[in-house]
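Asks: If you scroll down you'll find the structure; I have some questions about it.
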Amino acid sequence: MYFTNMLIMEVKPFTEAEIQAFRADTKGTAERIHLNNAGAALPPDIVVNAMVDFLREEALYGGYETEAKYRTQLDHTHTLIAQLIQAHPDEIALVENASAAWDIAFNGLDFKQGDEVITSEMEYASNVLGLLNAQKLYGIVIKMIPNDAEGNFPVSALEAAITARTKLIAVTHIPSTAGNVLPAAEIGEVARKHNIVYLLDACQSVGQMPVDVQAIGCDMLAVTGRKYLRGPRGSGFLYVRRQMLDKLKLLFFDGRTVTSMDQQGFVVREDARRFEWYEKNFAVMMGLQKAVEYALNIDVERIWQRIQQLAFLFRQHLRELEGITVHDQGDELCGIVTFSIAGVPAAEVRAKLAARNMNVNIGFAKSTLYYMNRKGLDGIVRASVHYYNTEEEIEKVCLELRAISQQNAYKTLL
Ligand SMILES: Cc1ncc(COP(=O)(O)O)c(C=O)c1O
């Protein structure tokens with residue numbers, strides 16, 4: 001069996017019939033092998049139909065009128081998201097993407113010269129830019145904790161790095177260009193013990209694995225809709241723990257930011273929707289809601305088990321192929337599988353697979369800058385599996401990769 005050295009989890013595996021039903025719900029699986037779920041997953045039909053139907057109604061009856069008709073259902077989006085991550089609906093703000101969510105949280109903090117922010121080497125590009133910008137604007141000190149030799153985030157090093165000036169711990173749960181998972185709950189324990197604000201980028205983890213903000217103990221969480229949640233592009237959300245709401249500055253306003261206003265001032269609304277723009281793409285909001293509901297109905301524990309099994313199989317096959325190096329390291333690995341083929345640039349691998357209707361992506365050096373620099377990587381192939389992928393798809397892609405590697409070896413012999 002493939003999974004002998006995996007932890008056997010007490011979760012019911014999907015039956016073949018269930019996998020086929022997920023694929024029947026996902027039009028894109030008929031024509032291509034989609035292993036770019038960490039870029040944007042294929043949405044199920046129910047997500048696409050919800051958006052198209054909403055747009056049609058807007059065109060026929062008017063945008064405001066359609067919004068009013070579906071107001072209660074639209075508001076249910078916050079409730080479903082809260083259910084997914086064990087939060088309260090009042091702690092959820094809908095935004096356009098994970099970067100927006102992270103920016104609202106991070107830039108809402110009141111940084112002073114010398115404040116320290118601790119991060120990991122797996123931090124995502126836009127977050128690193130936010131840190132560098134705050135370094136330039138306010139003189140914060142960035143403390144980056146590298147992974148240990150086994151590829152794990154060393155929680156003891158985090159604790160050792162904390163001083164009286166530590167203002168924030170900002171880490172990424174699952175990095176953009178590597179297959180490891182950071183120990184978010186252990187990091188949360190340290191944050192709570194030292195009473196430090198904790199911002200978690202869960203862009204790649206929500207929808208892929210169970211994410212419980214109570215168990216993790218984060219104060220803010222940034223998420224996108226289009227990746228493992230299988231929602232629409234241009235959707236995302238920010239979670240802000242209730243006790244943290246009033247500690248974040250508001251970066252922008254519209255009429256719905258407040259519950260009342262007069263010429264002297266205003267009263268900010270109590271919930272996290274203070275961080276939303278009122279005007280948004282309501283069709284996308286409907287799509288996101290359906291995606292969250294779909295994931296909840298399937299059960300994220302089962303999704304996680306299936307993803308880990310497929311990724312394990314994938315890495316195992318890749319390791320058997322000559323000329324291919326798998327980069328993923330760490331005790332807990334996820335559905336993001338990263339590798340290089342000796343002598344073949346990642347962009348060429350992607351193009352050759354695309355010609356065969358196989359989607360993978362490139363992990364660029366800047367995406368996870370600290371990590372890629374330390375490893376001396378300037379680009380890697382990132383293939384990311386979801387639960388609707390199959391063992392056969394992985395085997396087909398591996399055959400293709402073997403051919404690419406062999407063609408290159410042959411070329412270099414000539
Ligand atoms: C770990 C991580 N964080 C944040 C982001 C940014 O997400 P978005 O493009 O939705 O802003 C990405 C995007 O790839 C990511 O992989």
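Just so we're on the same page: first chain in the structure tokens is A, next is B, and so on; residues restart at 1 for each chain, and ligands are numbered from 1 in the order they show up.
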Using only C-alpha atoms and all ligand atoms, which residues of chain A come within 6 Å of ligand 1, and what is the closest atom pair for each, with the distance in Å to one decimal? Give it as a tab-separated table, sorted by chain and residue number.

Replies:
```
residue	atom	partner	partner_atom_place_in_ligand_line	distance
A:Asn97	CA	ligand 1	10 (O)	3.8
A:Ala98	CA	ligand 1	11 (O)	3.9
A:Ser99	CA	ligand 1	11 (O)	3.6
A:Tyr124	CA	ligand 1	3 (N)	5.1
A:Thr172	CA	ligand 1	1 (C)	5.9
A:Ile174	CA	ligand 1	1 (C)	5.9
A:Pro175	CA	ligand 1	1 (C)	4.5
A:Ser176	CA	ligand 1	16 (O)	3.7
A:Asp201	CA	ligand 1	3 (N)	5.8
A:Cys203	CA	ligand 1	3 (N)	4.9
A:Gln204	CA	ligand 1	1 (C)	5.5
A:Thr224	CA	ligand 1	10 (O)	4.5
```

Asks: Skipping near chain neighbours, those fewer than 5 positions away, what residues fall within 12 Å of Glu57 (chain A) using only C-alpha atoms, listed as a PyMOL selection string?

Replies: chain A and resi 50-52+62-70+282-283

Asks: Extract, using only C-alpha atoms, all DNA, RNA and protein residues at most 8 Å from region 137-142 of chain A, discarding same-chain residues fewer than 2 positions from it, and format them as a PDB file with N, CA and C atoms, in the first residue's frame.

Replies:
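Final file, result_33.pdb:
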```pdb
ATOM      1  N   PHE A 111       2.031  50.914  14.902  1.00  0.00           N
ATOM      2  CA  PHE A 111       3.451  50.605  15.078  1.00  0.00           C
ATOM      3  C   PHE A 111       4.249  51.828  15.511  1.00  0.00           C
ATOM      4  N   LYS A 112       5.202  51.563  16.398  1.00  0.00           N
ATOM      5  CA  LYS A 112       6.119  52.630  16.842  1.00  0.00           C
ATOM      6  C   LYS A 112       7.544  52.195  16.505  1.00  0.00           C
ATOM      7  N   GLN A 113       8.404  53.175  16.415  1.00  0.00           N
ATOM      8  CA  GLN A 113       9.840  52.914  16.176  1.00  0.00           C
ATOM      9  C   GLN A 113      10.341  51.846  17.162  1.00  0.00           C
ATOM     10  N   GLY A 114      10.989  50.824  16.636  1.00  0.00           N
ATOM     11  CA  GLY A 114      11.589  49.806  17.511  1.00  0.00           C
ATOM     12  C   GLY A 114      10.672  48.637  17.841  1.00  0.00           C
ATOM     13  N   ASP A 115       9.400  48.734  17.466  1.00  0.00           N
ATOM     14  CA  ASP A 115       8.507  47.580  17.675  1.00  0.00           C
ATOM     15  C   ASP A 115       9.037  46.398  16.866  1.00  0.00           C
ATOM     16  N   GLU A 116       8.945  45.217  17.475  1.00  0.00           N
ATOM     17  CA  GLU A 116       9.462  44.042  16.776  1.00  0.00           C
ATOM     18  C   GLU A 116       8.314  43.189  16.245  1.00  0.00           C
ATOM     19  N   VAL A 117       8.501  42.698  15.026  1.00  0.00           N
ATOM     20  CA  VAL A 117       7.533  41.762  14.435  1.00  0.00           C
ATOM     21  C   VAL A 117       8.293  40.477  14.118  1.00  0.00           C
ATOM     22  N   ILE A 118       7.773  39.372  14.624  1.00  0.00           N
ATOM     23  CA  ILE A 118       8.440  38.093  14.358  1.00  0.00           C
ATOM     24  C   ILE A 118       7.685  37.369  13.257  1.00  0.00           C
ATOM     25  N   THR A 119       8.442  36.884  12.284  1.00  0.00           N
ATOM     26  CA  THR A 119       7.834  36.142  11.189  1.00  0.00           C
ATOM     27  C   THR A 119       8.664  34.893  10.913  1.00  0.00           C
ATOM     28  N   LEU A 131       5.732  44.137   5.722  1.00  0.00           N
ATOM     29  CA  LEU A 131       6.709  44.260   6.823  1.00  0.00           C
ATOM     30  C   LEU A 131       7.801  45.261   6.449  1.00  0.00           C
ATOM     31  N   LEU A 132       8.303  45.127   5.216  1.00  0.00           N
ATOM     32  CA  LEU A 132       9.385  46.036   4.782  1.00  0.00           C
ATOM     33  C   LEU A 132       8.885  47.475   4.730  1.00  0.00           C
ATOM     34  N   ASN A 133       7.640  47.639   4.332  1.00  0.00           N
ATOM     35  CA  ASN A 133       7.064  48.981   4.272  1.00  0.00           C
ATOM     36  C   ASN A 133       6.961  49.584   5.676  1.00  0.00           C
ATOM     37  N   ALA A 134       6.550  48.753   6.641  1.00  0.00           N
ATOM     38  CA  ALA A 134       6.436  49.249   8.023  1.00  0.00           C
ATOM     39  C   ALA A 134       7.831  49.530   8.604  1.00  0.00           C
ATOM     40  N   GLN A 135       8.808  48.763   8.147  1.00  0.00           N
ATOM     41  CA  GLN A 135      10.193  49.024   8.586  1.00  0.00           C
ATOM     42  C   GLN A 135      10.618  50.423   8.108  1.00  0.00           C
ATOM     43  N   MET A 144      13.146  37.398  11.511  1.00  0.00           N
ATOM     44  CA  MET A 144      12.713  36.251  10.708  1.00  0.00           C
ATOM     45  C   MET A 144      13.302  34.970  11.298  1.00  0.00           C
TER      46      MET A 144
END
```

Asks: Would you list, as number ranges by chain, the residues of region 50-194 of chain A that end up in alpha helix (DSSP H) under DSSP run on this structure's backbone?

Replies: A: 50-61, 63-69, 71-85, 98-107, 125-138, 155-161, 184-193

Asks: Taking 6 positions as the minimum chain separation for residues in the same chain, which residues sit within 12 Å of Gly343 (chain A) when counting only C-alpha atoms? Answer as a ChimeraX atom specification.

Replies: /A:323-325,349,380,404-412

Asks: Could I get the residues of region 173-220 of chain A with an atom no further than 9 Å from an atom of region 102-105 of chain A, each paired with its nearest atom pair and that distance in Å to one decimal, using only C-alpha atoms, sorted by chain and residue number, as CSV?

Replies:
```
residue,atom,partner,partner_atom,distance
A:Leu199,CA,A:Ala105,CA,7.7
A:Leu200,CA,A:Trp102,CA,8.4
A:Asp201,CA,A:Trp102,CA,7.1
A:Met220,CA,A:Ala105,CA,6.7
```

Asks: Restricted to N, CA, C and O atoms, what would the selected residues look like written as a PDB file, in the first residue's frame?

Replies:
```pdb
ATOM      1  N   LEU A 199      -1.114  37.264  13.972  1.00  0.00           N
ATOM      2  CA  LEU A 199      -1.767  37.366  12.655  1.00  0.00           C
ATOM      3  C   LEU A 199      -1.352  36.169  11.804  1.00  0.00           C
ATOM      4  O   LEU A 199      -0.155  35.977  11.552  1.00  0.00           O
ATOM      5  N   LEU A 200      -2.336  35.388  11.369  1.00  0.00           N
ATOM      6  CA  LEU A 200      -2.032  34.178  10.604  1.00  0.00           C
ATOM      7  C   LEU A 200      -2.534  34.320   9.163  1.00  0.00           C
ATOM      8  O   LEU A 200      -3.701  34.633   8.932  1.00  0.00           O
ATOM      9  N   ASP A 201      -1.637  34.081   8.217  1.00  0.00           N
ATOM     10  CA  ASP A 201      -2.015  34.011   6.813  1.00  0.00           C
ATOM     11  C   ASP A 201      -2.450  32.570   6.542  1.00  0.00           C
ATOM     12  O   ASP A 201      -1.620  31.661   6.500  1.00  0.00           O
ATOM     13  N   MET A 220      -6.034  37.459  14.291  1.00  0.00           N
ATOM     14  CA  MET A 220      -6.512  37.802  12.950  1.00  0.00           C
ATOM     15  C   MET A 220      -6.084  36.697  11.986  1.00  0.00           C
ATOM     16  O   MET A 220      -5.016  36.098  12.176  1.00  0.00           O
TER      17      MET A 220
END
```

Asks: Write out as an NGL selection string the residues lying within 10 Å of Glu189 (chain A), counting only C-alpha atoms and excluding same-chain residues fewer than 6 positions away.

Replies: :A and (155 or 195 or 215-218)

Asks: Which value, in Å to one decimal, gives the distance between CA of Thr166 (chain A) and CA of Val190 (chain A)?

Replies: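 CA of Val190 (chain A) lies at a distance of 12.2 Å from CA of Thr166 (chain A).
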
Asks: Please provide as a CSV table (one decimal) with N, CA, C and O atoms, in the first residue's frame all residues within 12 Å of region 242-244 of chain A, with the sequence filter that same-chain residues fewer than 4 positions apart are discarded (counting only C-alpha atoms).

Replies:
```csv
chain,number,residue,atom,x,y,z
A,87,ALA,N,-15.5,30.6,14.3
A,87,ALA,CA,-15.6,32.0,14.8
A,87,ALA,C,-17.0,32.4,15.0
A,87,ALA,O,-18.0,31.6,14.8
A,88,HIS,N,-17.2,33.7,15.3
A,88,HIS,CA,-18.6,34.2,15.3
A,88,HIS,C,-18.8,35.1,14.1
A,88,HIS,O,-17.8,35.7,13.6
A,89,PRO,N,-20.0,35.1,13.5
A,89,PRO,CA,-20.2,35.8,12.3
A,89,PRO,C,-19.8,37.3,12.4
A,89,PRO,O,-19.3,37.9,11.4
A,90,ASP,N,-19.9,37.9,13.6
A,90,ASP,CA,-19.5,39.3,13.8
A,90,ASP,C,-18.0,39.5,13.7
A,90,ASP,O,-17.5,40.6,13.8
A,91,GLU,N,-17.3,38.4,13.6
A,91,GLU,CA,-15.8,38.5,13.6
A,91,GLU,C,-15.3,38.4,12.1
A,91,GLU,O,-14.1,38.3,11.9
A,92,ILE,N,-16.2,38.3,11.2
A,92,ILE,CA,-15.8,38.1,9.8
A,92,ILE,C,-16.0,39.3,8.9
A,92,ILE,O,-17.1,39.9,9.0
A,93,ALA,N,-15.0,39.7,8.1
A,93,ALA,CA,-15.2,40.8,7.1
A,93,ALA,C,-14.9,40.2,5.7
A,93,ALA,O,-13.9,39.5,5.6
A,105,ALA,N,-5.5,44.0,8.5
A,105,ALA,CA,-5.1,43.6,9.9
A,105,ALA,C,-3.8,44.3,10.3
A,105,ALA,O,-3.7,44.9,11.3
A,108,GLY,N,-3.6,48.0,10.4
A,108,GLY,CA,-4.5,48.5,11.5
A,108,GLY,C,-3.8,48.7,12.8
A,108,GLY,O,-4.3,49.3,13.7
A,109,LEU,N,-2.6,48.0,12.9
A,109,LEU,CA,-1.9,48.1,14.2
A,109,LEU,C,-1.1,49.4,14.3
A,109,LEU,O,-0.7,49.9,13.2
A,196,ILE,N,1.0,38.4,23.0
A,196,ILE,CA,1.4,39.1,21.8
A,196,ILE,C,0.3,38.9,20.7
A,196,ILE,O,-0.2,37.8,20.6
A,197,VAL,N,0.1,39.9,19.9
A,197,VAL,CA,-0.9,39.8,18.9
A,197,VAL,C,-0.4,38.8,17.8
A,197,VAL,O,0.8,38.8,17.5
A,198,TYR,N,-1.3,38.0,17.3
A,198,TYR,CA,-0.9,36.9,16.4
A,198,TYR,C,-1.8,37.0,15.1
A,198,TYR,O,-3.0,36.9,15.1
A,199,LEU,N,-1.1,37.3,14.0
A,199,LEU,CA,-1.8,37.4,12.7
A,199,LEU,C,-1.4,36.2,11.8
A,199,LEU,O,-0.2,36.0,11.6
A,213,VAL,N,-10.0,28.7,14.6
A,213,VAL,CA,-9.3,29.9,15.2
A,213,VAL,C,-9.2,29.8,16.7
A,213,VAL,O,-8.4,30.5,17.3
A,214,GLN,N,-10.1,29.1,17.3
A,214,GLN,CA,-10.1,28.9,18.8
A,214,GLN,C,-8.9,28.1,19.2
A,214,GLN,O,-8.1,28.4,20.1
A,218,CYS,N,-5.3,32.5,17.1
A,218,CYS,CA,-4.8,33.7,16.4
A,218,CYS,C,-5.8,34.8,16.7
A,218,CYS,O,-7.0,34.6,17.0
A,219,ASP,N,-5.3,36.1,16.5
A,219,ASP,CA,-6.2,37.2,16.7
A,219,ASP,C,-6.8,37.7,15.4
A,219,ASP,O,-7.9,38.2,15.3
A,220,MET,N,-6.0,37.5,14.3
A,220,MET,CA,-6.5,37.8,13.0
A,220,MET,C,-6.1,36.7,12.0
A,220,MET,O,-5.0,36.1,12.2
A,221,LEU,N,-6.9,36.5,11.0
A,221,LEU,CA,-6.7,35.4,10.0
A,221,LEU,C,-7.0,35.9,8.6
A,221,LEU,O,-8.1,36.5,8.4
A,248,LEU,N,-7.8,47.7,16.3
A,248,LEU,CA,-7.3,48.0,14.9
A,248,LEU,C,-7.8,49.3,14.4
A,248,LEU,O,-9.0,49.6,14.5
A,249,LYS,N,-6.9,50.1,13.9
A,249,LYS,CA,-7.3,51.4,13.2
A,249,LYS,C,-8.1,51.1,12.0
A,249,LYS,O,-7.9,50.1,11.3
A,270,GLU,N,-20.2,47.7,15.4
A,270,GLU,CA,-19.6,46.9,16.4
A,270,GLU,C,-18.9,45.7,15.8
A,270,GLU,O,-17.9,45.2,16.4
A,271,ASP,N,-19.4,45.2,14.7
A,271,ASP,CA,-18.8,44.0,14.1
A,271,ASP,C,-17.7,44.2,13.2
A,271,ASP,O,-17.3,45.3,12.8
A,272,ALA,N,-17.1,43.1,12.7
A,272,ALA,CA,-15.9,43.2,11.8
A,272,ALA,C,-16.3,43.7,10.4
A,272,ALA,O,-15.4,44.0,9.6
A,273,ARG,N,-17.6,43.9,10.1
A,273,ARG,CA,-17.9,44.4,8.8
A,273,ARG,C,-17.5,45.9,8.7
A,273,ARG,O,-17.6,46.5,7.6
```

Asks: For Gln329 (chain A), which residue among A:Arg315, A:His386, A:Arg71, A:His76 is the nearest when counting only C-alpha atoms?

Replies: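 Checking each of A:Arg315, A:His386, A:Arg71, A:His76 against Gln329 (chain A), counting only C-alpha atoms, the winner is A:Arg315.
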